[in-house]
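For reference, input31.csv (CSV, C-alpha atoms):
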chain,number,residue,atom,x,y,z
L,1,MET,CA,20.9,-15.1,-27.6
L,2,THR,CA,20.4,-18.2,-29.5
L,3,LEU,CA,19.6,-18.2,-33.2
L,4,ALA,CA,16.2,-19.8,-32.7
L,5,ALA,CA,15.2,-17.2,-30.2
L,6,ALA,CA,16.3,-14.4,-32.4
L,7,THR,CA,14.4,-15.7,-35.4
L,8,ALA,CA,11.3,-16.2,-33.2
L,9,MET,CA,11.6,-12.6,-31.9
L,10,ALA,CA,12.0,-11.3,-35.5
L,11,ALA,CA,9.0,-13.2,-36.7
L,12,HIS,CA,7.0,-12.0,-33.7
L,13,ALA,CA,8.1,-8.4,-34.2
L,14,THR,CA,7.4,-8.3,-37.9
L,15,THR,CA,4.0,-10.0,-38.0
L,16,THR,CA,2.1,-9.0,-34.9
L,17,SER,CA,-1.2,-9.6,-36.6
L,18,ALA,CA,-0.2,-13.0,-37.8
L,19,ALA,CA,1.0,-13.8,-34.2
L,20,SER,CA,-2.3,-12.7,-32.8
L,21,GLU,CA,-4.1,-14.9,-35.3
L,22,SER,CA,-1.9,-17.9,-34.5
L,23,GLN,CA,-2.8,-17.6,-30.9
L,24,GLY,CA,-6.5,-18.4,-30.6
L,25,PHE,CA,-8.6,-16.1,-28.5
L,26,LEU,CA,-10.6,-18.9,-27.0
L,27,SER,CA,-7.9,-21.5,-26.6
L,28,PRO,CA,-5.9,-20.3,-23.6
L,29,THR,CA,-2.6,-21.8,-22.8
L,30,GLY,CA,-1.7,-23.3,-19.4
L,31,VAL,CA,0.0,-20.2,-18.3
L,32,GLU,CA,-3.0,-18.1,-19.0
L,33,ILE,CA,-5.3,-20.5,-17.1
L,34,ALA,CA,-2.9,-20.4,-14.1
L,35,PHE,CA,-2.7,-16.6,-14.3
L,36,LEU,CA,-6.5,-16.4,-14.4
L,37,LEU,CA,-7.0,-18.6,-11.4
L,38,VAL,CA,-4.3,-17.0,-9.3
L,39,GLY,CA,-5.7,-13.6,-10.4
L,40,LEU,CA,-9.1,-14.5,-9.2
L,41,VAL,CA,-7.7,-15.5,-5.8
L,42,THR,CA,-5.7,-12.3,-5.6
L,43,PHE,CA,-8.6,-10.1,-6.5
L,44,GLY,CA,-10.9,-11.9,-4.1
L,45,ALA,CA,-8.4,-11.5,-1.3
L,46,ALA,CA,-8.0,-7.8,-2.1
L,47,VAL,CA,-11.8,-7.4,-2.0
L,48,VAL,CA,-12.0,-9.1,1.3
L,49,THR,CA,-9.1,-6.9,2.6
L,50,VAL,CA,-11.0,-3.7,1.9
L,51,THR,CA,-14.4,-5.0,3.0
L,52,THR,CA,-13.9,-7.1,6.1
L,53,LYS,CA,-14.9,-5.7,9.5
L,54,GLN,CA,-12.2,-7.5,11.4
L,55,LEU,CA,-9.0,-5.5,11.2
L,56,VAL,CA,-6.5,-8.2,11.8
L,57,HIS,CA,-8.2,-10.4,9.2
L,58,ALA,CA,-7.7,-7.5,6.7
L,59,ALA,CA,-4.0,-7.7,7.3
L,60,LEU,CA,-4.0,-11.5,6.9
L,61,TRP,CA,-6.0,-11.3,3.7
L,62,LEU,CA,-3.5,-8.7,2.4
L,63,VAL,CA,-0.9,-11.4,2.8
L,64,VAL,CA,-2.9,-13.7,0.4
L,65,ALA,CA,-3.3,-10.8,-2.1
L,66,LEU,CA,0.4,-9.9,-2.1
L,67,GLY,CA,1.5,-13.6,-2.2
L,68,GLY,CA,-0.8,-14.1,-5.2
L,69,LEU,CA,0.8,-11.1,-6.9
L,70,ALA,CA,4.2,-12.8,-6.3
L,71,VAL,CA,2.9,-15.9,-8.1
L,72,GLU,CA,1.7,-13.7,-10.9
L,73,TYR,CA,5.2,-12.2,-11.2
L,74,LEU,CA,6.6,-15.8,-11.4
L,75,LEU,CA,4.2,-16.6,-14.2
L,76,LEU,CA,5.3,-13.5,-16.0
L,77,THR,CA,8.9,-14.9,-15.7
L,78,ALA,CA,10.0,-12.0,-13.4
L,79,GLU,CA,11.4,-14.2,-10.7
L,80,PHE,CA,13.6,-11.6,-9.0
L,81,ILE,CA,10.7,-9.2,-8.6
L,82,ALA,CA,8.7,-12.1,-7.2
L,83,TRP,CA,11.2,-12.9,-4.5
L,84,VAL,CA,11.6,-9.3,-3.6
L,85,GLN,CA,7.8,-9.0,-3.3
L,86,VAL,CA,7.8,-12.0,-0.9
L,87,LEU,CA,10.6,-10.6,1.1
L,88,ILE,CA,9.6,-7.0,1.3
L,89,TYR,CA,5.8,-7.1,1.3
L,90,VAL,CA,4.9,-10.4,2.9
L,91,GLY,CA,7.9,-10.3,5.1
L,92,SER,CA,8.1,-6.8,6.4
L,93,VAL,CA,5.2,-4.6,5.4
L,94,VAL,CA,2.5,-6.8,6.6
L,95,VAL,CA,4.4,-7.4,9.9
L,96,LEU,CA,4.7,-3.6,10.2
L,97,LEU,CA,1.0,-3.3,9.6
L,98,LEU,CA,0.2,-5.9,12.2
L,99,PHE,CA,2.4,-4.1,14.7
L,100,GLY,CA,0.6,-0.9,13.9
L,101,LEU,CA,-2.7,-2.5,14.5
L,102,MET,CA,-1.5,-3.8,17.8
L,103,LEU,CA,0.0,-0.6,18.9
L,104,THR,CA,-3.1,1.4,18.1
L,105,ARG,CA,-5.2,-1.1,20.1
L,106,ALA,CA,-7.3,-2.3,17.2
L,107,PRO,CA,-10.3,-4.3,18.5
L,108,ILE,CA,-10.2,-8.0,18.2
L,109,GLY,CA,-13.3,-9.2,16.5
L,110,ARG,CA,-15.8,-7.3,14.4
L,111,SER,CA,-15.7,-3.6,14.7
L,112,PRO,CA,-18.9,-2.1,13.3
L,113,ASP,CA,-17.3,1.3,12.4
L,114,ALA,CA,-14.6,0.0,10.1
L,115,ASP,CA,-16.3,1.6,7.1
L,116,SER,CA,-17.1,5.2,7.0
L,117,GLY,CA,-20.4,6.7,6.0
L,118,ASN,CA,-19.5,7.5,2.5
L,119,ARG,CA,-18.9,3.9,1.4
L,120,TRP,CA,-21.6,4.0,-1.2
L,121,ALA,CA,-20.0,7.1,-2.8
L,122,ALA,CA,-16.7,5.3,-2.6
L,123,LEU,CA,-18.2,2.2,-4.2
L,124,THR,CA,-19.6,4.3,-7.0
L,125,VAL,CA,-16.3,5.9,-7.7
L,126,ALA,CA,-14.4,2.6,-7.6
L,127,ILE,CA,-16.8,0.9,-9.9
L,128,ALA,CA,-16.7,3.8,-12.3
L,129,ALA,CA,-12.9,3.8,-12.3
L,130,ALA,CA,-12.8,0.0,-12.7
L,131,ALA,CA,-15.2,0.1,-15.7
L,132,ALA,CA,-13.3,2.9,-17.4
L,133,LEU,CA,-9.9,1.4,-16.8
L,134,VAL,CA,-10.9,-2.1,-17.9
L,135,TRP,CA,-12.7,-0.8,-21.0
L,136,VAL,CA,-9.7,1.4,-22.1
L,137,VAL,CA,-7.2,-1.4,-21.4
L,138,VAL,CA,-9.1,-4.1,-23.2
L,139,ASP,CA,-9.8,-1.9,-26.1
L,140,ALA,CA,-6.1,-0.8,-26.4
L,141,PHE,CA,-4.4,-4.2,-25.9
L,142,ARG,CA,-7.0,-6.5,-27.5
L,143,THR,CA,-4.5,-7.9,-30.1
L,144,THR,CA,-1.3,-7.8,-28.0
L,145,TRP,CA,0.4,-10.9,-26.8
L,146,ILE,CA,3.3,-11.5,-24.4
L,147,ASP,CA,5.8,-13.9,-25.6
L,148,LEU,CA,6.8,-15.9,-22.6
L,149,ASP,CA,9.0,-18.4,-24.4
L,150,GLY,CA,12.7,-18.3,-24.6
L,151,ALA,CA,15.0,-16.8,-21.9
L,152,ALA,CA,13.3,-15.4,-18.9
L,153,ALA,CA,12.9,-11.6,-19.1
L,154,GLY,CA,13.2,-11.1,-15.4
L,155,SER,CA,15.8,-13.5,-14.1
L,156,THR,CA,18.2,-12.3,-11.5
L,157,GLU,CA,21.0,-12.0,-13.9
L,158,VAL,CA,19.1,-9.9,-16.4
L,159,THR,CA,17.6,-7.7,-13.6
L,160,GLY,CA,20.9,-7.2,-11.9
L,161,ALA,CA,22.8,-6.4,-15.1
L,162,SER,CA,20.2,-3.7,-16.1
L,163,LEU,CA,20.0,-2.4,-12.6
L,164,PHE,CA,23.7,-1.9,-12.1
L,165,GLN,CA,24.4,-0.8,-15.7
L,166,SER,CA,21.6,1.6,-16.5
L,167,TRP,CA,20.0,2.4,-13.2
L,168,VAL,CA,23.0,2.9,-10.8
L,169,LEU,CA,22.4,6.6,-10.1
L,170,PRO,CA,18.6,6.1,-9.2
L,171,PHE,CA,19.6,3.1,-7.2
L,172,GLU,CA,22.0,5.1,-5.1
L,173,ALA,CA,19.6,7.9,-4.7
L,174,LEU,CA,17.1,5.4,-3.5
L,175,SER,CA,19.5,4.3,-0.8
L,176,VAL,CA,19.7,8.0,0.3
L,177,LEU,CA,15.9,8.1,0.4
L,178,LEU,CA,15.7,5.0,2.6
L,179,LEU,CA,18.2,6.6,5.0
L,180,ALA,CA,16.1,9.7,5.0
L,181,ALA,CA,13.0,7.6,5.7
L,182,LEU,CA,14.8,5.8,8.6
L,183,VAL,CA,15.9,9.1,10.1
L,184,GLY,CA,12.4,10.6,9.6
L,185,ALA,CA,10.7,7.7,11.4
L,186,ILE,CA,13.1,8.0,14.3
L,187,VAL,CA,12.6,11.8,14.5
L,188,LEU,CA,8.8,11.4,14.4
L,189,SER,CA,8.9,9.0,17.3
L,190,ARG,CA,11.3,10.9,19.4
L,191,LYS,CA,9.8,14.3,18.7
L,192,ALA,CA,6.5,13.2,20.0
L,193,LYS,CA,8.1,12.1,23.2
L,194,ALA,CA,9.9,15.4,23.7
L,195,ASN,CA,6.7,17.4,23.0
L,196,ALA,CA,4.8,15.1,25.4
L,197,ALA,CA,7.3,15.8,28.1
L,198,ASP,CA,6.8,19.5,27.5
L,199,ALA,CA,3.1,19.2,27.6
L,200,ALA,CA,3.3,17.1,30.7
L,201,ASN,CA,5.4,19.9,32.4
L,202,THR,CA,2.7,22.4,31.5
L,203,ALA,CA,0.1,19.9,32.6
L,204,THR,CA,1.5,19.8,36.1
L,205,THR,CA,0.9,23.6,36.4
L,206,THR,CA,-2.5,23.7,34.7
L,207,SER,CA,-3.7,20.3,36.0
L,208,ALA,CA,-4.8,19.3,32.6
L,209,PRO,CA,-4.5,15.7,31.5
L,210,SER,CA,-1.3,14.6,30.0
L,211,PRO,CA,-1.2,13.7,26.3
L,212,ARG,CA,0.8,10.7,27.2
L,213,ASN,CA,-2.2,9.1,28.7
L,214,GLY,CA,-4.0,9.1,25.4
L,215,GLY,CA,-2.8,5.6,24.6
L,216,THR,CA,-4.0,4.1,27.8
L,217,ARG,CA,-7.7,4.7,27.3
L,218,ASN,CA,-9.8,4.7,24.3
L,219,HIS,CA,-11.2,8.2,24.2
L,220,GLY,CA,-8.1,10.2,24.4
L,221,PRO,CA,-7.0,13.0,26.6
L,222,ARG,CA,-9.8,15.4,25.7
L,223,ASN,CA,-12.4,13.6,27.7
L,224,GLY,CA,-10.7,14.9,30.9
L,225,GLY,CA,-9.9,11.7,32.7
L,226,THR,CA,-7.2,12.3,35.3
L,227,GLY,CA,-6.5,8.8,36.3
L,228,ASN,CA,-2.7,8.3,36.7
L,229,ASP,CA,-1.7,11.7,35.8
L,230,THR,CA,0.6,12.8,38.6
L,231,PRO,CA,3.2,10.0,38.8
L,232,ARG,CA,3.6,10.0,35.0
L,233,SER,CA,4.1,13.7,35.0
L,234,ASP,CA,6.7,13.4,37.7
L,235,LYS,CA,8.5,10.9,35.7
L,236,GLU,CA,8.4,13.1,32.7
L,237,GLY,CA,9.6,16.1,34.7
L,238,ALA,CA,12.5,14.1,36.2
L,239,ARG,CA,13.7,13.0,32.8
K,1,MET,CA,-0.1,-14.8,-22.8
K,2,HIS,CA,-2.7,-12.2,-23.7
K,3,LEU,CA,-1.5,-8.8,-22.4
K,4,ALA,CA,-5.0,-7.9,-21.3
K,5,TYR,CA,-5.0,-10.4,-18.5
K,6,PRO,CA,-2.4,-8.6,-16.3
K,7,ALA,CA,-3.6,-5.2,-17.4
K,8,VAL,CA,-7.2,-6.0,-16.4
K,9,LEU,CA,-6.1,-7.6,-13.1
K,10,SER,CA,-4.0,-4.5,-12.2
K,11,ALA,CA,-6.9,-2.2,-13.1
K,12,LEU,CA,-9.3,-4.2,-10.8
K,13,LEU,CA,-6.7,-4.2,-8.0
K,14,PHE,CA,-6.2,-0.5,-8.4
K,15,SER,CA,-10.0,0.1,-8.2
K,16,THR,CA,-10.2,-2.1,-5.1
K,17,GLY,CA,-7.5,-0.1,-3.4
K,18,LEU,CA,-9.3,3.1,-4.4
K,19,TYR,CA,-12.5,1.9,-2.8
K,20,GLY,CA,-10.5,1.0,0.3
K,21,VAL,CA,-8.8,4.4,0.5
K,22,LEU,CA,-12.2,6.2,0.2
K,23,ALA,CA,-14.3,3.9,2.3
K,24,ARG,CA,-12.1,2.8,5.2
K,25,ARG,CA,-12.1,4.7,8.5
K,26,ASN,CA,-9.1,3.3,10.3
K,27,ALA,CA,-5.8,4.9,9.1
K,28,ILE,CA,-4.0,1.6,9.0
K,29,LEU,CA,-6.6,0.1,6.8
K,30,VAL,CA,-6.2,3.1,4.5
K,31,LEU,CA,-2.4,2.3,4.4
K,32,MET,CA,-3.2,-1.3,3.4
K,33,SER,CA,-5.4,0.0,0.5
K,34,VAL,CA,-2.6,2.2,-0.6
K,35,GLU,CA,-0.3,-0.8,-0.7
K,36,LEU,CA,-2.9,-2.6,-2.9
K,37,MET,CA,-2.8,0.4,-5.3
K,38,LEU,CA,1.0,0.4,-5.4
K,39,ASN,CA,1.0,-3.4,-6.1
K,40,ALA,CA,-1.4,-2.9,-9.0
K,41,VAL,CA,1.0,-0.4,-10.5
K,42,ASN,CA,3.8,-2.9,-10.0
K,43,LEU,CA,2.0,-5.6,-11.8
K,44,ASN,CA,1.4,-3.3,-14.7
K,45,LEU,CA,5.1,-2.3,-14.8
K,46,VAL,CA,6.3,-5.9,-14.8
K,47,ALA,CA,3.8,-7.1,-17.5
K,48,PHE,CA,4.7,-4.3,-19.9
K,49,ASP,CA,8.4,-4.8,-19.2
K,50,VAL,CA,8.1,-8.4,-20.1
K,51,TRP,CA,6.1,-7.5,-23.2
K,52,LEU,CA,8.6,-4.9,-24.4
K,53,SER,CA,11.6,-7.0,-23.7
K,54,LYS,CA,10.4,-9.6,-26.1
K,55,THR,CA,8.5,-7.5,-28.6
K,56,ALA,CA,10.7,-4.4,-28.9
K,57,GLN,CA,13.9,-6.2,-27.7
K,58,ASP,CA,14.2,-3.7,-24.9
K,59,THR,CA,17.4,-4.3,-22.9
K,60,LEU,CA,17.0,-1.4,-20.5
K,61,HIS,CA,14.4,-3.2,-18.4
K,62,SER,CA,13.0,0.0,-17.1
K,63,GLY,CA,9.8,-1.6,-15.9
K,64,GLN,CA,11.5,-4.0,-13.5
K,65,ALA,CA,13.9,-1.3,-12.3
K,66,LEU,CA,10.9,1.0,-11.6
K,67,THR,CA,9.1,-1.9,-9.9
K,68,LEU,CA,12.1,-2.3,-7.5
K,69,PHE,CA,12.1,1.4,-6.8
K,70,THR,CA,8.4,1.4,-6.2
K,71,ILE,CA,8.7,-1.5,-3.7
K,72,ALA,CA,11.5,0.4,-1.8
K,73,ILE,CA,9.5,3.6,-1.8
K,74,ALA,CA,6.5,1.7,-0.6
K,75,ALA,CA,8.5,0.3,2.3
K,76,ALA,CA,9.7,3.8,3.2
K,77,GLU,CA,6.2,5.1,2.9
K,78,ILE,CA,4.7,2.4,5.2
K,79,GLY,CA,7.4,3.2,7.8
K,80,ILE,CA,6.7,6.9,7.8
K,81,GLY,CA,3.0,6.4,7.6
K,82,LEU,CA,2.9,4.1,10.6
K,83,ALA,CA,5.1,6.5,12.6
K,84,ILE,CA,2.6,9.3,11.8
K,85,VAL,CA,-0.4,7.1,12.7
K,86,LEU,CA,1.2,6.0,16.0
K,87,ALA,CA,2.0,9.7,16.8
K,88,VAL,CA,-1.6,10.7,16.1
K,89,HIS,CA,-2.8,7.7,18.2
K,90,ARG,CA,-0.5,8.7,21.0
K,91,ASN,CA,-1.8,12.2,21.1
K,92,ARG,CA,-5.4,11.8,20.3
K,93,GLY,CA,-6.1,8.3,21.5
K,94,THR,CA,-7.6,7.3,18.1
K,95,ALA,CA,-6.5,6.2,14.7
K,96,ASP,CA,-9.8,7.1,13.2
K,97,ILE,CA,-9.4,9.5,10.3
K,98,ASP,CA,-13.0,10.7,10.5
K,99,LYS,CA,-12.3,12.1,13.9
K,100,LEU,CA,-9.3,14.2,12.9
K,101,ARG,CA,-11.3,17.2,11.9
K,102,ASP,CA,-9.3,20.1,13.3
K,103,THR,CA,-8.9,21.8,10.0
K,104,ALA,CA,-12.5,21.2,9.0
K,105,GLU,CA,-14.7,24.3,8.6
K,106,THR,CA,-17.7,23.0,10.4
K,107,ASP,CA,-16.1,21.6,13.6
K,108,ASP,CA,-18.5,23.2,16.1
K,109,ASP,CA,-21.3,20.7,16.0
K,110,SER,CA,-19.3,17.6,15.8
K,111,GLU,CA,-17.9,17.4,19.3
K,112,PRO,CA,-20.2,19.3,21.7
K,113,ASP,CA,-18.4,17.9,24.9
K,114,ASP,CA,-15.2,19.5,23.9
K,115,SER,CA,-15.4,22.8,25.7
K,116,GLY,CA,-14.2,21.7,29.1
K,117,ALA,CA,-10.9,20.1,28.2
K,118,ALA,CA,-10.2,22.3,25.2
K,119,ARG,CA,-7.4,24.2,26.8
K,120,PRO,CA,-4.4,22.0,25.9
K,121,GLU,CA,-5.7,21.8,22.4
K,122,PRO,CA,-3.2,24.2,20.6
K,123,ALA,CA,-0.1,22.2,21.8
K,124,GLU,CA,-1.7,19.0,20.6
K,125,LYS,CA,-2.6,20.5,17.3
K,126,ALA,CA,0.9,21.8,16.7
K,127,GLU,CA,2.3,18.4,17.7
K,128,ALA,CA,0.0,16.5,15.5
K,129,THR,CA,0.6,18.6,12.5
K,130,ALA,CA,4.4,18.9,13.0
Now, as a test, write the supplied structure out as structure tokens.
Amino acid sequence: MTLAAATAMAAHATTTSAASESQGFLSPTGVEIAFLLVGLVTFGAAVVTVTTKQLVHAALWLVVALGGLAVEYLLLTAEFIAWVQVLIYVGSVVVLLLFGLMLTRAPIGRSPDADSGNRWAALTVAIAAAAALVWVVVDAFRTTWIDLDGAAAGSTEVTGASLFQSWVLPFEALSVLLLAALVGAIVLSRKAKANAADAANTATTTSAPSPRNGGTRNHGPRNGGTGNDTPRSDKEGAR
Amino acid sequence: MHLAYPAVLSALLFSTGLYGVLARRNAILVLMSVELMLNAVNLNLVAFDVWLSKTAQDTLHSGQALTLFTIAIAAAEIGIGLAIVLAVHRNRGTADIDKLRDTAETDDDSEPDDSGAARPEPAEKAEATA
């Protein structure tokens, strides 16, 4: 830590009120203007994500929202978090969501039943929560300033040192959790197939539609369509 | 930078995700809204970590470590959640959470055409809830 940075931190820590007076409320810096603009883009993309009627467009607007958040992390000098955000969220989570939309046969184009009937109650709850949170947060941190000068608080070196010095045990526990999630996802997929095979075996005796055919049509097995029931059940039985 | 900017932005994003969780009908859109809420929490953690690392000279960097943990847990959550949604869609033919009303108390009047094909229902229910 350089001497100038240390003196700046000491001055900032001792005289918070003086620092808040030195930074004018209505004279925003360039970082604040950039943060505000990117924040508006992020919030708008988030609103479009939760209100659009086209399901694939919701996932693509989610990319804009998460990428905007990565830019916000960069503006807050947390660059490692920003790249992790780009890698994990934009890279894998949105791709997983798009695969999920495709595998559940989401309709391309506008689907009129994207929102449920209680959306006005949901809107009331969300606006009330937003008003309460914004009021409390603004009232609490009205005279608080982040000092973004000096060394970056979230560079890869700093984050790695703190992560592998102070947070090693939670880090390793997290790797166990990821392994458990991996095994859990595999078990969920395979168990459904085994149960479907059992249900298909019972379906050959009771001539009920197989649950495996639920994916092939839109209304599911409970509507009683027996289209290609028999060959699929034979395949399941032979397995 | 004023600390209220990231705090207000994260509050607004959290409320947007809350609206999405409550108002959406497709389960995958609900998962997207949950991701929005988790990202709002992440922005709050990063902003307060940067503030504390300069103001209180905090060298633990708990906010950034917790952000990384939250991102990893969100990745695990989206994997498990999508596996569950795909299992439900495979069994029921829908990913619509308004139609998954087996444990609801007033289920009789919702699906009147259900009596004919209702016999393989217990196996599907056990499978869907397993």
Counting all atoms listed in the file, find residues at most 7 Å from (-2.6, -1.7, -7.3) (file frame) and give them as number ranges by chain.
K: 10, 13-14, 17, 36-41
Best match for closeness to Gly39 of chain L among L:Leu60, L:Leu69, L:Ala126, L:Ala78, counting only C-alpha atoms:
L:Leu69
Tell me which protein, DNA and RNA residues are within 9 Å of segment 45-58 of chain K, counting only C-alpha atoms, leaving out same-chain ones fewer than 5 positions away, and put them as a PyMOL selection string.
(chain L and resi 9-10+12-13+73+76-78+81+144-148+152-154) or (chain K and resi 3+6-7+40+63-64+66-67)
Smallest atom-to-atom distance to Val8 of chain K: which of K:Leu43, K:Leu60, K:Ile78, K:Leu22, using only C-alpha atoms?
K:Leu43
Could you give me, as JSON lines, every chain K residue with an atom at most 6 Å from chain L, plus its closest atom pair and distance in Å to one decimal, counting only C-alpha atoms, rows ordered by chain then number?
{"residue": "K:Met1", "atom": "CA", "partner": "L:Ile146", "partner_atom": "CA", "distance": 5.0}
{"residue": "K:His2", "atom": "CA", "partner": "L:Trp145", "partner_atom": "CA", "distance": 4.6}
{"residue": "K:Leu3", "atom": "CA", "partner": "L:Trp145", "partner_atom": "CA", "distance": 5.2}
{"residue": "K:Ala4", "atom": "CA", "partner": "L:Val138", "partner_atom": "CA", "distance": 5.9}
{"residue": "K:Val8", "atom": "CA", "partner": "L:Val134", "partner_atom": "CA", "distance": 5.6}
{"residue": "K:Ala11", "atom": "CA", "partner": "L:Leu133", "partner_atom": "CA", "distance": 6.0}
{"residue": "K:Leu12", "atom": "CA", "partner": "L:Ala130", "partner_atom": "CA", "distance": 5.8}
{"residue": "K:Ser15", "atom": "CA", "partner": "L:Ala126", "partner_atom": "CA", "distance": 5.1}
{"residue": "K:Tyr19", "atom": "CA", "partner": "L:Ala126", "partner_atom": "CA", "distance": 5.2}
{"residue": "K:Gly20", "atom": "CA", "partner": "L:Val50", "partner_atom": "CA", "distance": 5.0}
{"residue": "K:Leu22", "atom": "CA", "partner": "L:Ala122", "partner_atom": "CA", "distance": 5.4}
{"residue": "K:Ala23", "atom": "CA", "partner": "L:Arg119", "partner_atom": "CA", "distance": 4.7}
{"residue": "K:Arg24", "atom": "CA", "partner": "L:Asp115", "partner_atom": "CA", "distance": 4.8}
{"residue": "K:Arg25", "atom": "CA", "partner": "L:Ser116", "partner_atom": "CA", "distance": 5.2}
{"residue": "K:Val50", "atom": "CA", "partner": "L:Ala153", "partner_atom": "CA", "distance": 5.9}
{"residue": "K:Trp51", "atom": "CA", "partner": "L:Ile146", "partner_atom": "CA", "distance": 5.0}
{"residue": "K:Thr55", "atom": "CA", "partner": "L:Ala13", "partner_atom": "CA", "distance": 5.7}
{"residue": "K:Leu60", "atom": "CA", "partner": "L:Ser162", "partner_atom": "CA", "distance": 5.9}
{"residue": "K:Ala76", "atom": "CA", "partner": "L:Ala181", "partner_atom": "CA", "distance": 5.6}
{"residue": "K:Ile80", "atom": "CA", "partner": "L:Ala185", "partner_atom": "CA", "distance": 5.4}
{"residue": "K:Ala83", "atom": "CA", "partner": "L:Ala185", "partner_atom": "CA", "distance": 5.9}
{"residue": "K:Arg90", "atom": "CA", "partner": "L:Gly215", "partner_atom": "CA", "distance": 5.3}
{"residue": "K:Asn91", "atom": "CA", "partner": "L:Pro211", "partner_atom": "CA", "distance": 5.4}
{"residue": "K:Arg92", "atom": "CA", "partner": "L:Gly220", "partner_atom": "CA", "distance": 5.2}
{"residue": "K:Gly93", "atom": "CA", "partner": "L:Gly220", "partner_atom": "CA", "distance": 4.0}
{"residue": "K:Ala117", "atom": "CA", "partner": "L:Arg222", "partner_atom": "CA", "distance": 5.4}
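You will find atom CA of Asp96 of chain K at 14.0 Å from atom CA of Gly81 of chain K.
If you look at atom CA of Met102 of chain L and atom CA of Leu100 of chain K, they are 20.2 Å away from each other.
Interatomic distance, atom CA of Glu35 of chain K to atom CA of Ala74 of chain K: 7.2 Å.
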